[in-house]
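Written below as structure tokens is the structure these notes are about.
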Amino acid sequence: MKKSADAEIKALYEDLSDYILSLGDDISETHLKLYAAFRKIRNVITVICYKKKLVINLPLDVQKVIFEEGFREMLPISAIGAVVRWNCS
């Protein structure tokens with residue numbers, strides 16, 4: 001998590017992190033230079049923290065998702081689905 005992020009964004013990240021980690025004992029959190037990765041065997045969710053927003057990347061089956069404001073499809077990453085990006089601010 002960026003040290004320069006606003007207090008509200010830090011609190012939102014902590015709530016999100018706590019929730020994701022509560023989904024299973026086999027989920028781990030790894031902080032890399034540009035993002036945080038939550039993974040089982042491979043990345044389940046990645047979170048990029050900016051000063052005033054979080055960007056959450058999720059691998060989903062885009063054929064079964066109805067996109068709402070703030071969501072968009074990224075490039076396909078595998079046969080399973082694509083990455084969906086959500087800007088949370």
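Residue numbering restarts at 1 in every chain; chains get A, B, ... in the order shown in the structure tokens, and ligands count up from 1 in that same order.
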
As a ChimeraX atom specification, please: the residues near stretch 45-51 of chain A (cut-off 9 Å, only C-alpha atoms, same-chain neighbours under 2 positions excluded). /A:1-6,9-10,13,20,34-39,43,53-59

Show me, as a short mmCIF file (atom, residue, chain, number, x, y, z; two decimals) with N, CA, C and O atoms, in the first residue's frame, the residues that have an atom within 9 Å of A:Lys40 when counting only C-alpha atoms, minus same-chain residues fewer than 2 positions from it.
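Final output, saved to part-v9.cif:
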data_model
loop_
_atom_site.label_atom_id
_atom_site.label_comp_id
_atom_site.auth_asym_id
_atom_site.auth_seq_id
_atom_site.Cartn_x
_atom_site.Cartn_y
_atom_site.Cartn_z
N ASP A 26 -6.39 -20.43 2.81
CA ASP A 26 -5.38 -20.65 1.79
C ASP A 26 -5.12 -19.41 0.92
O ASP A 26 -4.35 -19.48 -0.03
N ILE A 27 -5.71 -18.28 1.25
CA ILE A 27 -5.47 -17.04 0.51
C ILE A 27 -4.37 -16.26 1.21
O ILE A 27 -4.41 -16.05 2.43
N SER A 28 -3.38 -15.84 0.43
CA SER A 28 -2.27 -15.05 0.99
C SER A 28 -2.21 -13.69 0.32
O SER A 28 -2.67 -13.51 -0.81
N PHE A 38 -3.51 -10.89 -4.04
CA PHE A 38 -4.15 -11.87 -3.17
C PHE A 38 -4.24 -13.14 -4.00
O PHE A 38 -4.77 -13.14 -5.09
N ARG A 42 -2.73 -19.10 -7.87
CA ARG A 42 -2.34 -17.97 -8.71
C ARG A 42 -3.12 -16.75 -8.23
O ARG A 42 -4.00 -16.85 -7.38
N ASN A 43 -2.83 -15.59 -8.79
CA ASN A 43 -3.50 -14.36 -8.35
C ASN A 43 -5.01 -14.47 -8.51
O ASN A 43 -5.50 -14.85 -9.56
N VAL A 44 -5.71 -14.16 -7.43
CA VAL A 44 -7.17 -14.11 -7.44
C VAL A 44 -7.61 -12.67 -7.68
O VAL A 44 -8.49 -12.40 -8.49
#

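For the atom pair formed by atom CA of A:Asp25 and atom CA of A:Ile41, the distance is 12.4 Å, given to one decimal.
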
| task | Please identify which residues in stretch 10-56 of chain A DSSP calls helix (DSSP H, G or I) from the backbone, and express them as a list in words. | result | Lys10, Ala11, Leu12, Tyr13, Glu14, Asp15, Leu16, Ser17, Asp18, Tyr19, Ile20, Leu21 and Ser22 of chain A

Take the residues just selected and output them with N, CA and C atoms as a PDB file, in the first residue's frame.
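So again.pdb came out as:
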ATOM      1  N   LYS A  10      -6.651   4.254   2.692  1.00  0.00           N
ATOM      2  CA  LYS A  10      -5.965   3.250   3.513  1.00  0.00           C
ATOM      3  C   LYS A  10      -6.973   2.410   4.289  1.00  0.00           C
ATOM      4  N   ALA A  11      -7.977   3.056   4.863  1.00  0.00           N
ATOM      5  CA  ALA A  11      -9.005   2.334   5.615  1.00  0.00           C
ATOM      6  C   ALA A  11      -9.809   1.423   4.689  1.00  0.00           C
ATOM      7  N   LEU A  12     -10.139   1.923   3.497  1.00  0.00           N
ATOM      8  CA  LEU A  12     -10.859   1.112   2.518  1.00  0.00           C
ATOM      9  C   LEU A  12     -10.030  -0.100   2.113  1.00  0.00           C
ATOM     10  N   TYR A  13      -8.721   0.092   1.910  1.00  0.00           N
ATOM     11  CA  TYR A  13      -7.836  -1.020   1.555  1.00  0.00           C
ATOM     12  C   TYR A  13      -7.790  -2.057   2.682  1.00  0.00           C
ATOM     13  N   GLU A  14      -7.675  -1.598   3.910  1.00  0.00           N
ATOM     14  CA  GLU A  14      -7.615  -2.521   5.052  1.00  0.00           C
ATOM     15  C   GLU A  14      -8.908  -3.332   5.157  1.00  0.00           C
ATOM     16  N   ASP A  15     -10.059  -2.690   4.970  1.00  0.00           N
ATOM     17  CA  ASP A  15     -11.338  -3.410   4.992  1.00  0.00           C
ATOM     18  C   ASP A  15     -11.395  -4.441   3.869  1.00  0.00           C
ATOM     19  N   LEU A  16     -10.965  -4.037   2.679  1.00  0.00           N
ATOM     20  CA  LEU A  16     -10.952  -4.954   1.535  1.00  0.00           C
ATOM     21  C   LEU A  16     -10.013  -6.121   1.797  1.00  0.00           C
ATOM     22  N   SER A  17      -8.831  -5.838   2.291  1.00  0.00           N
ATOM     23  CA  SER A  17      -7.852  -6.880   2.594  1.00  0.00           C
ATOM     24  C   SER A  17      -8.389  -7.859   3.632  1.00  0.00           C
ATOM     25  N   ASP A  18      -8.965  -7.345   4.690  1.00  0.00           N
ATOM     26  CA  ASP A  18      -9.542  -8.212   5.735  1.00  0.00           C
ATOM     27  C   ASP A  18     -10.634  -9.115   5.160  1.00  0.00           C
ATOM     28  N   TYR A  19     -11.475  -8.550   4.294  1.00  0.00           N
ATOM     29  CA  TYR A  19     -12.556  -9.333   3.704  1.00  0.00           C
ATOM     30  C   TYR A  19     -12.004 -10.437   2.808  1.00  0.00           C
ATOM     31  N   ILE A  20     -11.075 -10.077   1.922  1.00  0.00           N
ATOM     32  CA  ILE A  20     -10.519 -11.073   0.998  1.00  0.00           C
ATOM     33  C   ILE A  20      -9.834 -12.195   1.768  1.00  0.00           C
ATOM     34  N   LEU A  21      -9.049 -11.856   2.772  1.00  0.00           N
ATOM     35  CA  LEU A  21      -8.341 -12.869   3.560  1.00  0.00           C
ATOM     36  C   LEU A  21      -9.298 -13.741   4.368  1.00  0.00           C
ATOM     37  N   SER A  22     -10.485 -13.221   4.695  1.00  0.00           N
ATOM     38  CA  SER A  22     -11.462 -14.004   5.456  1.00  0.00           C
ATOM     39  C   SER A  22     -12.154 -15.054   4.589  1.00  0.00           C
TER      40      SER A  22
END
